[in-house]
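Novice: So here's query.csv, just CSV, C-alpha atoms:
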```
chain,number,residue,atom,x,y,z
A,1,MET,CA,91.4,88.0,71.5
A,2,ILE,CA,92.7,88.4,68.0
A,3,ILE,CA,91.1,86.5,65.1
A,4,LYS,CA,93.5,86.3,62.2
A,5,ASN,CA,93.6,85.0,58.7
A,6,ILE,CA,90.0,86.0,57.8
A,7,ARG,CA,87.9,88.0,55.4
A,8,VAL,CA,86.1,90.6,57.5
A,9,TYR,CA,82.6,91.9,56.5
A,10,LYS,CA,82.9,95.7,57.2
A,11,GLU,CA,80.5,98.6,57.3
A,12,ASP,CA,80.9,99.2,53.5
A,13,ARG,CA,79.1,95.8,53.2
A,14,GLN,CA,82.2,94.2,51.5
A,15,PHE,CA,84.7,91.6,52.7
A,16,HIS,CA,88.3,92.6,53.3
A,17,LYS,CA,91.2,90.5,54.3
A,18,GLY,CA,92.3,91.3,57.8
A,19,GLU,CA,91.8,90.4,61.4
A,20,ILE,CA,89.5,91.3,64.3
A,21,ALA,CA,90.5,92.4,67.8
A,22,ILE,CA,88.1,92.0,70.8
A,23,SER,CA,88.7,93.3,74.3
A,24,SER,CA,86.4,93.2,77.3
A,25,GLY,CA,83.7,91.7,75.1
A,26,VAL,CA,83.7,94.4,72.5
A,27,PHE,CA,85.4,95.0,69.1
A,28,THR,CA,88.4,97.2,69.4
A,29,GLU,CA,91.2,98.6,67.4
A,30,ARG,CA,94.3,96.5,66.7
A,31,LEU,CA,95.8,94.9,69.9
A,32,GLU,CA,99.5,94.4,70.3
A,33,GLU,CA,100.2,90.7,70.4
A,34,GLY,CA,101.5,89.4,73.7
A,35,GLY,CA,99.3,87.3,76.0
A,36,GLU,CA,96.1,87.6,74.0
A,37,GLU,CA,94.2,84.6,72.7
A,38,ILE,CA,95.0,84.1,69.0
A,39,LEU,CA,92.3,82.4,66.9
A,40,ASP,CA,93.3,81.3,63.4
A,41,GLY,CA,90.2,81.8,61.2
A,42,GLU,CA,91.6,79.6,58.4
A,43,GLY,CA,90.5,82.0,55.6
A,44,CYS,CA,86.9,82.0,56.8
A,45,TYR,CA,84.4,84.7,56.2
A,46,ALA,CA,83.9,86.7,59.4
A,47,ILE,CA,80.5,88.3,59.7
A,48,PRO,CA,78.7,90.0,62.6
A,49,GLY,CA,76.4,87.8,64.7
A,50,LEU,CA,73.0,87.4,63.0
A,51,ILE,CA,69.9,89.1,64.3
A,52,ASP,CA,66.5,87.4,63.9
A,53,ILE,CA,63.6,89.9,64.4
A,54,HIS,CA,60.9,87.3,63.7
A,55,LEU,CA,61.0,83.8,65.1
A,56,HIS,CA,58.6,81.8,67.2
A,57,GLY,CA,60.7,79.0,68.6
A,58,CYS,CA,63.0,76.0,68.1
A,59,MET,CA,64.0,72.7,69.7
A,60,GLY,CA,60.5,72.0,71.0
A,61,TYR,CA,60.1,75.5,72.7
A,62,ASP,CA,58.0,78.5,71.7
A,63,PHE,CA,58.3,82.1,72.9
A,64,CYS,CA,54.5,82.0,73.6
A,65,ASP,CA,55.0,79.2,76.1
A,66,GLY,CA,55.4,82.1,78.3
A,67,THR,CA,58.3,80.8,80.5
A,68,CYS,CA,61.8,81.9,81.1
A,69,GLU,CA,63.0,78.4,80.4
A,70,ALA,CA,61.5,78.5,76.9
A,71,ILE,CA,63.2,81.8,76.1
A,72,ARG,CA,66.5,80.5,77.5
A,73,LYS,CA,66.3,77.3,75.4
A,74,ILE,CA,65.5,79.3,72.2
A,75,ALA,CA,68.3,81.7,72.9
A,76,GLU,CA,70.8,78.9,73.5
A,77,TYR,CA,70.0,77.2,70.2
A,78,GLU,CA,70.1,80.4,68.3
A,79,ALA,CA,73.5,81.3,69.6
A,80,GLU,CA,74.8,77.9,68.6
A,81,VAL,CA,73.9,78.5,65.0
A,82,GLY,CA,75.3,82.0,64.9
A,83,VAL,CA,72.2,84.1,65.7
A,84,THR,CA,73.4,86.2,68.6
A,85,ALA,CA,70.4,88.5,69.0
A,86,ILE,CA,66.7,87.8,68.8
A,87,ALA,CA,63.4,89.5,68.8
A,88,PRO,CA,60.8,86.7,69.1
A,89,ALA,CA,57.3,87.0,67.7
A,90,THR,CA,54.0,86.5,69.5
A,91,MET,CA,50.9,84.8,68.1
A,92,THR,CA,47.3,85.8,68.2
A,93,LEU,CA,46.3,84.8,71.7
A,94,PRO,CA,44.0,86.3,74.4
A,95,ALA,CA,45.1,89.7,75.5
A,96,GLU,CA,45.7,88.7,79.1
A,97,GLU,CA,47.9,85.7,78.0
A,98,LEU,CA,49.9,88.0,75.7
A,99,GLU,CA,50.5,90.4,78.7
A,100,GLN,CA,51.8,87.5,80.7
A,101,ILE,CA,54.1,86.4,77.9
A,102,LEU,CA,55.4,89.9,77.6
A,103,SER,CA,56.0,90.4,81.3
A,104,THR,CA,57.8,87.1,81.5
A,105,ALA,CA,60.1,88.2,78.7
A,106,ALA,CA,60.8,91.5,80.5
A,107,ALA,CA,61.7,89.6,83.6
A,108,TYR,CA,64.0,87.3,81.7
A,109,LYS,CA,65.7,90.3,80.0
A,110,LYS,CA,66.5,91.8,83.4
A,111,THR,CA,68.5,88.7,84.5
A,112,GLN,CA,70.0,87.5,81.2
A,113,GLN,CA,73.8,87.4,81.5
A,114,ASP,CA,74.9,84.1,79.9
A,115,VAL,CA,77.0,84.4,76.8
A,116,ARG,CA,75.8,81.0,75.7
A,117,GLU,CA,72.4,82.7,74.9
A,118,ALA,CA,71.5,85.0,72.1
A,119,ASP,CA,70.6,88.4,73.5
A,120,LEU,CA,66.9,89.2,73.8
A,121,VAL,CA,66.8,92.6,72.0
A,122,GLY,CA,63.1,93.0,71.3
A,123,ILE,CA,59.7,91.4,70.7
A,124,ASN,CA,57.7,91.4,67.4
A,125,MET,CA,54.0,91.4,68.0
A,126,GLU,CA,52.5,89.6,65.0
A,127,GLY,CA,49.0,89.6,66.5
A,128,PRO,CA,46.3,90.1,67.7
A,129,PHE,CA,45.4,93.2,65.5
A,130,ILE,CA,45.1,91.3,62.2
A,131,SER,CA,42.7,90.3,59.5
A,132,ARG,CA,40.6,87.1,59.5
A,133,ALA,CA,40.8,87.0,55.8
A,134,LYS,CA,44.6,86.7,56.0
A,135,LYS,CA,45.0,85.0,59.4
A,136,GLY,CA,47.3,82.3,58.1
A,137,ALA,CA,48.2,80.1,61.1
A,138,GLN,CA,46.8,82.5,63.6
A,139,ASP,CA,43.8,81.6,65.8
A,140,GLU,CA,41.0,83.8,64.6
A,141,THR,CA,39.0,83.5,67.8
A,142,HIS,CA,41.4,85.9,69.5
A,143,ILE,CA,41.7,88.5,66.7
A,144,LEU,CA,40.9,92.0,67.9
A,145,PRO,CA,40.6,95.4,66.3
A,146,CYS,CA,43.6,97.7,66.9
A,147,SER,CA,43.3,99.5,70.2
A,148,ILE,CA,45.6,102.2,71.5
A,149,GLU,CA,44.8,101.4,75.1
A,150,LEU,CA,45.6,97.7,74.6
A,151,GLY,CA,48.7,98.5,72.5
A,152,LYS,CA,50.0,100.7,75.4
A,153,ARG,CA,49.3,97.9,77.8
A,154,PHE,CA,51.4,95.5,75.7
A,155,VAL,CA,54.3,97.9,75.6
A,156,LYS,CA,54.1,98.4,79.4
A,157,ALA,CA,53.9,94.7,80.2
A,158,SER,CA,57.0,94.2,78.1
A,159,ALA,CA,58.9,97.0,79.9
A,160,GLY,CA,59.5,98.5,76.4
A,161,LEU,CA,60.8,95.3,74.8
A,162,VAL,CA,58.0,95.3,72.2
A,163,LYS,CA,59.7,96.8,69.1
A,164,TYR,CA,57.2,95.9,66.4
A,165,MET,CA,53.4,95.8,66.5
A,166,GLY,CA,51.5,94.4,63.5
A,167,ILE,CA,48.1,95.6,62.3
A,168,ALA,CA,45.7,95.0,59.5
A,169,PRO,CA,44.7,98.7,58.8
A,170,GLU,CA,41.6,97.8,56.8
A,171,GLU,CA,40.0,96.2,59.9
A,172,SER,CA,39.6,99.5,61.9
A,173,GLU,CA,38.4,103.0,61.1
A,174,ASP,CA,40.8,104.2,63.8
A,175,ALA,CA,43.9,102.6,62.2
A,176,ALA,CA,45.5,105.9,61.3
A,177,ALA,CA,45.0,107.2,64.8
A,178,PHE,CA,46.4,104.0,66.2
A,179,ILE,CA,49.5,104.3,64.0
A,180,ARG,CA,50.1,107.9,64.8
A,181,GLU,CA,50.0,107.3,68.5
A,182,MET,CA,51.8,103.9,68.7
A,183,LYS,CA,54.7,104.9,66.5
A,184,LYS,CA,55.9,106.9,69.4
A,185,ASP,CA,56.7,103.6,71.2
A,186,VAL,CA,57.0,101.0,68.5
A,187,THR,CA,57.5,100.4,64.8
A,188,VAL,CA,54.0,99.8,63.4
A,189,ALA,CA,54.0,97.0,60.8
A,190,LEU,CA,51.5,95.7,58.3
A,191,ALA,CA,50.8,92.1,59.2
A,192,HIS,CA,48.3,89.5,58.2
A,193,THR,CA,46.4,92.1,56.2
A,194,ASN,CA,44.1,92.1,53.3
A,195,ALA,CA,44.6,95.9,52.6
A,196,ASP,CA,44.6,97.1,49.1
A,197,TYR,CA,47.2,99.6,47.9
A,198,GLN,CA,45.3,102.7,48.9
A,199,LYS,CA,44.6,101.5,52.4
A,200,ALA,CA,48.2,100.3,52.8
A,201,MET,CA,49.5,103.7,51.6
A,202,GLU,CA,47.2,105.5,54.1
A,203,ALA,CA,48.8,103.4,56.9
A,204,MET,CA,52.3,104.1,55.6
A,205,GLU,CA,51.5,107.9,55.4
A,206,ALA,CA,50.3,107.7,59.0
A,207,GLY,CA,53.6,106.3,60.1
A,208,ALA,CA,53.7,102.5,59.5
A,209,SER,CA,57.1,101.6,58.3
A,210,HIS,CA,57.5,97.8,58.3
A,211,ALA,CA,56.0,94.8,56.5
A,212,VAL,CA,55.8,91.4,58.2
A,213,HIS,CA,56.9,88.5,56.0
A,214,LEU,CA,56.4,90.1,52.7
A,215,TYR,CA,54.2,88.2,50.2
A,216,ASN,CA,52.8,85.9,53.0
A,217,ALA,CA,49.4,86.7,54.6
A,218,MET,CA,48.7,89.6,52.3
A,219,PRO,CA,47.2,90.1,48.9
A,220,PRO,CA,49.4,89.2,45.9
A,221,TYR,CA,51.1,91.9,43.9
A,222,THR,CA,49.6,92.3,40.4
A,223,HIS,CA,49.8,95.0,37.8
A,224,ARG,CA,46.4,96.5,38.6
A,225,GLU,CA,46.3,95.7,42.3
A,226,PRO,CA,49.8,96.2,43.8
A,227,GLY,CA,48.4,96.0,47.3
A,228,VAL,CA,50.7,96.0,50.4
A,229,ILE,CA,53.7,95.0,48.4
A,230,GLY,CA,53.3,98.0,46.1
A,231,ALA,CA,52.8,100.3,49.1
A,232,VAL,CA,56.0,99.1,50.7
A,233,SER,CA,57.9,99.6,47.4
A,234,ASP,CA,56.6,103.2,47.3
A,235,THR,CA,57.6,104.0,50.9
A,236,PRO,CA,61.4,104.6,50.9
A,237,ASP,CA,61.9,104.3,54.6
A,238,ALA,CA,59.9,101.0,55.0
A,239,TYR,CA,61.7,97.7,55.8
A,240,ALA,CA,60.3,94.4,54.6
A,241,GLU,CA,60.8,91.0,56.2
A,242,LEU,CA,61.4,88.1,53.8
A,243,ILE,CA,61.5,84.4,54.6
A,244,CYS,CA,64.1,82.6,52.4
A,245,ASP,CA,63.5,79.0,53.5
A,246,GLY,CA,62.7,78.0,50.0
A,247,VAL,CA,59.0,77.3,50.9
A,248,HIS,CA,57.4,80.7,51.7
A,249,VAL,CA,58.7,82.7,48.7
A,250,HIS,CA,60.0,81.5,45.4
A,251,GLY,CA,63.6,82.3,44.5
A,252,ALA,CA,62.5,84.3,41.5
A,253,ALA,CA,60.3,86.5,43.7
A,254,VAL,CA,63.2,86.9,46.2
A,255,ARG,CA,65.5,88.1,43.4
A,256,ALA,CA,62.8,90.5,42.1
A,257,THR,CA,62.2,91.9,45.6
A,258,PHE,CA,65.9,92.7,46.0
A,259,LYS,CA,65.8,94.5,42.7
A,260,MET,CA,62.6,96.3,43.6
A,261,LEU,CA,63.4,97.4,47.2
A,262,GLY,CA,67.2,97.2,47.3
A,263,ALA,CA,69.2,95.1,49.7
A,264,GLU,CA,69.3,98.0,52.3
A,265,ARG,CA,65.5,97.7,52.9
A,266,ILE,CA,65.2,93.9,53.3
A,267,ILE,CA,65.4,92.0,56.5
A,268,LEU,CA,65.7,88.2,56.2
A,269,ILE,CA,63.8,86.4,59.0
A,270,SER,CA,63.3,82.8,59.8
A,271,ASP,CA,59.7,82.8,61.2
A,272,SER,CA,60.9,79.5,62.8
A,273,MET,CA,58.5,77.5,64.9
A,274,ARG,CA,59.2,75.0,67.7
A,275,ALA,CA,60.0,72.2,65.3
A,276,THR,CA,63.1,73.9,64.1
A,277,GLY,CA,66.1,71.8,64.9
A,278,MET,CA,63.8,68.8,65.5
A,279,GLY,CA,62.4,66.1,63.2
A,280,ASP,CA,59.2,65.4,61.4
A,281,GLY,CA,56.1,65.1,63.5
A,282,THR,CA,53.1,66.9,65.0
A,283,TYR,CA,53.7,70.2,66.9
A,284,THR,CA,51.7,73.3,68.0
A,285,LEU,CA,51.8,76.9,67.0
A,286,GLY,CA,49.6,79.5,68.7
A,287,GLY,CA,47.5,76.6,70.1
A,288,LEU,CA,46.9,75.1,66.7
A,289,GLU,CA,48.1,71.7,65.6
A,290,VAL,CA,50.9,71.7,63.0
A,291,GLU,CA,52.2,68.8,60.9
A,292,VAL,CA,55.9,69.0,59.9
A,293,LYS,CA,57.4,67.0,57.1
A,294,GLY,CA,60.7,67.8,55.5
A,295,ASN,CA,61.2,71.5,55.4
A,296,GLN,CA,57.5,72.4,55.5
A,297,ALA,CA,55.2,73.1,58.5
A,298,ARG,CA,51.5,73.2,57.8
A,299,LEU,CA,48.3,73.5,59.9
A,300,ALA,CA,46.7,70.1,60.3
A,301,ALA,CA,43.3,71.6,59.8
A,302,ASP,CA,43.7,73.3,56.4
A,303,GLN,CA,47.3,72.8,55.4
A,304,ALA,CA,48.1,76.5,55.6
A,305,LEU,CA,51.8,77.3,56.0
A,306,ALA,CA,52.5,77.6,59.7
A,307,GLY,CA,55.9,79.2,60.0
A,308,SER,CA,59.3,77.8,59.0
A,309,VAL,CA,61.5,75.0,60.3
A,310,THR,CA,64.7,76.6,59.1
A,311,ASN,CA,66.7,78.9,61.3
A,312,LEU,CA,68.0,82.3,60.1
A,313,MET,CA,71.5,81.0,59.2
A,314,GLY,CA,69.9,78.4,57.0
A,315,CYS,CA,67.7,81.0,55.4
A,316,MET,CA,70.7,83.2,54.6
A,317,ARG,CA,72.6,80.3,53.2
A,318,ASN,CA,69.7,79.3,51.1
A,319,ALA,CA,69.3,82.9,49.7
A,320,VAL,CA,72.9,82.8,48.6
A,321,GLN,CA,73.3,79.2,47.4
A,322,ASN,CA,69.9,78.5,45.9
A,323,MET,CA,68.4,81.9,45.1
A,324,GLY,CA,71.3,83.8,43.7
A,325,ILE,CA,71.5,86.6,46.2
A,326,PRO,CA,75.1,87.9,46.6
A,327,LEU,CA,76.7,87.0,49.9
A,328,GLU,CA,77.5,90.6,50.7
A,329,GLU,CA,73.8,91.6,50.3
A,330,ALA,CA,72.5,88.6,52.2
A,331,VAL,CA,74.8,89.2,55.2
A,332,GLY,CA,73.6,92.8,55.4
A,333,CYS,CA,70.0,91.6,55.5
A,334,VAL,CA,70.7,89.6,58.7
A,335,THR,CA,73.0,92.0,60.5
A,336,CYS,CA,73.1,95.7,59.6
A,337,ASN,CA,69.5,96.0,58.5
A,338,PRO,CA,67.8,94.3,61.5
A,339,ALA,CA,70.1,96.2,63.9
A,340,LYS,CA,69.1,99.6,62.3
A,341,SER,CA,65.4,98.6,62.2
A,342,LEU,CA,65.5,97.7,65.9
A,343,GLY,CA,67.4,100.9,66.8
A,344,ILE,CA,70.3,99.0,68.2
A,345,TYR,CA,72.9,99.6,65.5
A,346,GLU,CA,75.1,101.5,68.1
A,347,ASN,CA,75.9,98.1,69.7
A,348,TYR,CA,75.0,95.4,67.1
A,349,GLY,CA,75.0,94.7,63.4
A,350,SER,CA,78.6,95.4,62.3
A,351,ILE,CA,82.2,94.6,63.2
A,352,SER,CA,83.2,98.0,64.4
A,353,PRO,CA,85.1,99.3,67.4
A,354,GLY,CA,83.0,99.7,70.5
A,355,LYS,CA,80.2,97.3,69.4
A,356,LYS,CA,79.5,93.9,71.1
A,357,GLY,CA,82.1,91.3,70.1
A,358,ASN,CA,79.6,89.0,68.3
A,359,VAL,CA,81.1,87.4,65.2
A,360,VAL,CA,80.5,84.2,63.2
A,361,LEU,CA,83.1,82.5,61.0
A,362,LEU,CA,81.8,80.7,57.9
A,363,ASP,CA,83.7,78.5,55.5
A,364,GLU,CA,83.3,78.5,51.7
A,365,ARG,CA,80.2,76.4,52.0
A,366,LEU,CA,78.8,79.0,54.4
A,367,GLN,CA,78.9,76.4,57.2
A,368,VAL,CA,79.4,77.7,60.7
A,369,ARG,CA,83.0,77.1,61.9
A,370,ALA,CA,83.0,79.3,64.9
A,371,VAL,CA,80.7,81.6,66.9
A,372,ILE,CA,82.1,84.2,69.2
A,373,LYS,CA,79.6,85.9,71.6
A,374,ASP,CA,80.7,88.9,73.7
A,375,GLY,CA,84.3,88.0,73.0
A,376,VAL,CA,83.9,84.5,74.2
A,377,ILE,CA,84.2,81.5,71.9
A,378,ARG,CA,80.7,79.9,71.9
A,379,VAL,CA,81.3,77.3,69.2
A,380,ASN,CA,84.6,76.2,67.7
A,381,ARG,CA,84.8,73.8,64.8
A,382,LEU,CA,88.1,75.1,63.4
A,383,THR,CA,90.9,72.6,62.7
A,384,GLY,CA,92.2,71.0,65.8
A,385,ALA,CA,89.4,72.5,67.9
A,386,GLY,CA,87.8,69.2,68.9
A,387,THR,CA,84.6,67.5,67.8
A,388,GLU,CA,81.9,69.7,69.3
A,389,GLU,CA,78.5,68.6,67.9
A,390,ASP,CA,77.0,70.7,65.1
A,391,PRO,CA,73.5,71.6,66.3
A,392,GLY,CA,72.3,71.2,62.7
A,393,LYS,CA,73.1,67.5,62.9
A,394,ARG,CA,70.2,67.2,65.3
A,395,GLY,CA,67.7,68.2,62.8
A,396,ARG,CA,67.4,69.3,59.2
A,397,ASN,CA,69.1,72.7,59.2
A,398,VAL,CA,71.8,74.8,60.6
```
Using the file provided, produce a representation of the structure as structure tokens.

Specialist:
Amino acid sequence: MIIKNIRVYKEDRQFHKGEIAISSGVFTERLEEGGEEILDGEGCYAIPGLIDIHLHGCMGYDFCDGTCEAIRKIAEYEAEVGVTAIAPATMTLPAEELEQILSTAAAYKKTQQDVREADLVGINMEGPFISRAKKGAQDETHILPCSIELGKRFVKASAGLVKYMGIAPEESEDAAAFIREMKKDVTVALAHTNADYQKAMEAMEAGASHAVHLYNAMPPYTHREPGVIGAVSDTPDAYAELICDGVHVHGAAVRATFKMLGAERIILISDSMRATGMGDGTYTLGGLEVEVKGNQARLAADQALAGSVTNLMGCMRNAVQNMGIPLEEAVGCVTCNPAKSLGIYENYGSISPGKKGNVVLLDERLQVRAVIKDGVIRVNRLTGAGTEEDPGKRGRNV
């Protein structure tokens, strides 16, 4: 396949007029024309397939449903909207239930072959090693102190798919030991934590290198108490997740974060729940009842924010169009950065020879015009391509 008449996002994180060649499912050097499928990109932006490292569900399904069907339905929807690789997040649930969810994901991964589905490239364990003080939409009855033995069990159950494991370091005297041991297998993240700056820095110095949805479920950043946010800022190799749905973090804070950390250290996430792609109504998240109205999802019990109802493509678009983040920076935060953080940059995250042929074409309004997954056209809304339904028309976002 040759995709012509496009602006290609390259490894220098800039767009260049050109074309893309894909052969046997991977990007390749220029092909000689003659028998290849030619796709006219109509002047679109061509970006790598998006990678969401923190989502819970969509279209009525949740990763913690613990079934292959749920993972498959999530993966199908994500691929439709241009997210071609996913690392779903767990909730705070009983340890035995989490092990079952992880083992199901491992079984699914072994058999996944359908190009209609986003690739399952990891799992982000948001709980159960978190703080009751910052539990957010997590069920506090299942919160546990961090445990190396249990952490190892989770990694084993997932057959190595667990890539991130969140902890609240202030909740355990053994947090540093946990981090030093578990960082051999996973990226240890600060998640749902009430840690102050000193405690957060101790965790970072022990080897933690990731922050789950920065600003949310952690102490606020102030000039005398910089907390987790200050510790992340002072740790040059730490990545920070950021939800840009327009609900979780104000646009001014998003702009300030890009200035503080730099675009190379920010990973945009969706934190999407099962209501994503659906309408208003009552849903569940981690066993708790959630009320969805418009672009907000809140716990019925106390109105705490309960994830997002905007997928990652919608979050990226919102960051650019409503928050003033340059397109080149936003694209890097949903492609290169998550691939590097996951340790899969060899095959994902950029349009480079030898990498998986996952590419999304966007028009000037940043609407999805085409999705190519493993060199196969997954979605085509280019001129004359038919009237395939836009999945965003089913709900409130694309």

Novice: Using only C-alpha atoms, determine which residues lie at most 10 Å from Asp302 in chain A, disregarding the query and same-chain residues fewer than 4 positions distant; provide the list as a list in words.

Specialist: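 Contacts, with the query itself left out: Gly136, Ala137, Val290 and Arg298 of chain A.
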
Novice: Can you measure CA of Tyr283 in chain A to CA of Met59 in chain A for me? One decimal in Å is fine.

Specialist: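 CA of Tyr283 in chain A sits 11.0 Å away from CA of Met59 in chain A.
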
Novice: Separation of CA of Cys68 in chain A and CA of Lys109 in chain A, in Å?

Specialist: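 Rounded to one decimal, the two atoms are 9.3 Å apart.
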
Novice: Which residues are near range 24-29 of chain A? Cut-off 10 Å, all atoms listed in the file, ignore same chain within fewer than 4 positions. Put them as a list in words.

Specialist: Met1, Ile2, Ile20, Asn347, Ser350, Ile351, Ser352, Pro353, Gly354, Lys355, Lys356, Gly357, Asn358, Val359, Ile372, Lys373, Asp374, Gly375 and Val376 of chain A

Novice: Counting all atoms listed in the file, which of A:Cys58, A:Cys44, A:Met182, A:His16 gets nearest to Thr383 in chain A?

Specialist: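 Using all atoms listed in the file, the shortest distance to Thr383 in chain A belongs to A:Cys44.
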
Novice: Considering all atoms listed in the file, return as a PyMOL selection string whatever protein or nucleic-acid residues lie within 8 Å of Leu190 in chain A, sequence-local ones (same chain, fewer than 2 positions apart) excluded.

Specialist: chain A and resi 166-169+188+192-193+200+208+210-212+228

Novice: Got a sec: who's within 10 Å of Thr141 in chain A, counting all atoms listed in the file, leaving out chain neighbours fewer than 2 positions off, as a short mmCIF file (atom, residue, chain, number, x, y, z; two decimals) with C-alpha atoms, in the coordinates of the input?

Specialist:
```cif
data_model
loop_
_atom_site.label_atom_id
_atom_site.label_comp_id
_atom_site.auth_asym_id
_atom_site.auth_seq_id
_atom_site.Cartn_x
_atom_site.Cartn_y
_atom_site.Cartn_z
CA THR A 92 47.30 85.80 68.20
CA LEU A 93 46.30 84.80 71.70
CA PRO A 94 44.00 86.30 74.40
CA PRO A 128 46.30 90.10 67.70
CA ARG A 132 40.60 87.10 59.50
CA GLN A 138 46.80 82.50 63.60
CA ASP A 139 43.80 81.60 65.80
CA ILE A 143 41.70 88.50 66.70
CA LEU A 144 40.90 92.00 67.90
#
```

Novice: Can you tell me how far CA of Ile101 in chain A sits from CA of Ala300 in chain A, in Å to one decimal?

Specialist: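 CA of Ile101 in chain A sits 25.1 Å away from CA of Ala300 in chain A.
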
Novice: Residues of range 157-244 of chain A that have any atom at most 8 Å from an atom of range 266-276 of chain A: could you tabulate them with the shortest-distance atom pair and the distance in Å to one decimal, using all atoms listed in the file, ordered by chain and increasing number, as a Markdown table?

Specialist:
```
| residue | atom | partner | partner_atom | distance |
| --- | --- | --- | --- | --- |
| A:His213 | CA | A:Ile269 | CA | 7.8 |
| A:Tyr239 | CA | A:Ile266 | CA | 5.7 |
| A:Ala240 | CA | A:Ile266 | CA | 5.1 |
| A:Glu241 | CA | A:Ile267 | CA | 4.7 |
| A:Leu242 | CA | A:Leu268 | CA | 4.9 |
| A:Ile243 | CA | A:Ile269 | CA | 5.4 |
| A:Cys244 | CA | A:Leu268 | CA | 7.0 |
```

Novice: Next, dump the selected residues to file, keeping only C-alpha atoms, as an mmCIF file, keeping the file's coordinate frame.

Specialist:
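The resulting part.cif:
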```cif
data_model
loop_
_atom_site.group_PDB
_atom_site.id
_atom_site.type_symbol
_atom_site.label_atom_id
_atom_site.label_comp_id
_atom_site.auth_asym_id
_atom_site.auth_seq_id
_atom_site.Cartn_x
_atom_site.Cartn_y
_atom_site.Cartn_z
ATOM 1 C CA HIS A 213 56.900 88.500 56.000
ATOM 2 C CA TYR A 239 61.700 97.700 55.800
ATOM 3 C CA ALA A 240 60.300 94.400 54.600
ATOM 4 C CA GLU A 241 60.800 91.000 56.200
ATOM 5 C CA LEU A 242 61.400 88.100 53.800
ATOM 6 C CA ILE A 243 61.500 84.400 54.600
ATOM 7 C CA CYS A 244 64.100 82.600 52.400
#
```

Novice: Measuring atom to atom with all atoms listed in the file, identify which of A:Val247, A:Val81, A:Met278, A:Leu342 is nearest to Gln296 in chain A.

Specialist: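 Going through A:Val247, A:Val81, A:Met278, A:Leu342 one by one, the smallest distance to Gln296 in chain A is for A:Val247.
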
Novice: May I ask which of the residues A:Lys199, A:Gly41, A:Glu36, A:Lys135 is the closest one to Asn5 in chain A, counting only C-alpha atoms?

Specialist: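 The closest residue to Asn5 in chain A is A:Gly41.
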
Novice: Counting all atoms listed in the file, which of A:Asp185, A:Arg7, A:Leu366, A:Ala304 gets nearest to Asn318 in chain A?

Specialist: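 Of A:Asp185, A:Arg7, A:Leu366, A:Ala304, the one nearest Asn318 in chain A, counting all atoms listed in the file, is A:Leu366.
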
Novice: Can you pull out every residue within 10 Å of Gly227 in chain A, counting all atoms listed in the file, but drop anything in the same chain fewer than 5 positions away, and send it as a compact mmCIF listing (two decimals) with C-alpha atoms, in the coordinates of the input?

Specialist:
```txt
# COMPACT_ATOMS: atom_id res chain seq x y z
CA THR A 193 46.40 92.10 56.20
CA ASN A 194 44.10 92.10 53.30
CA ALA A 195 44.60 95.90 52.60
CA ASP A 196 44.60 97.10 49.10
CA TYR A 197 47.20 99.60 47.90
CA GLN A 198 45.30 102.70 48.90
CA LYS A 199 44.60 101.50 52.40
CA ALA A 200 48.20 100.30 52.80
CA MET A 201 49.50 103.70 51.60
CA MET A 218 48.70 89.60 52.30
CA PRO A 219 47.20 90.10 48.90
CA PRO A 220 49.40 89.20 45.90
CA TYR A 221 51.10 91.90 43.90
CA THR A 222 49.60 92.30 40.40
CA VAL A 232 56.00 99.10 50.70
```

Novice: Could you tell me which of A:Ala79, A:Leu362, A:Ala206, A:Leu102 comes closest to Lys183 in chain A if we count all atoms listed in the file?

Specialist: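 Distance minimum relative to Lys183 in chain A lands on A:Ala206.
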
Novice: At a cut-off of 12 Å from (49.4, 89.4, 77.7) in the coordinates of the file, what residues are picked up using only C-alpha atoms, written as a PyMOL selection string?

Specialist: chain A and resi 64-66+90-106+125+127-128+142+150-158+162

Novice: Compare A:Arg317, A:Cys333, A:Leu214, A:Glu181 by their minimum atom-to-atom distance to Glu364 in chain A, counting only C-alpha atoms, and give me the closest one.

Specialist: A:Arg317
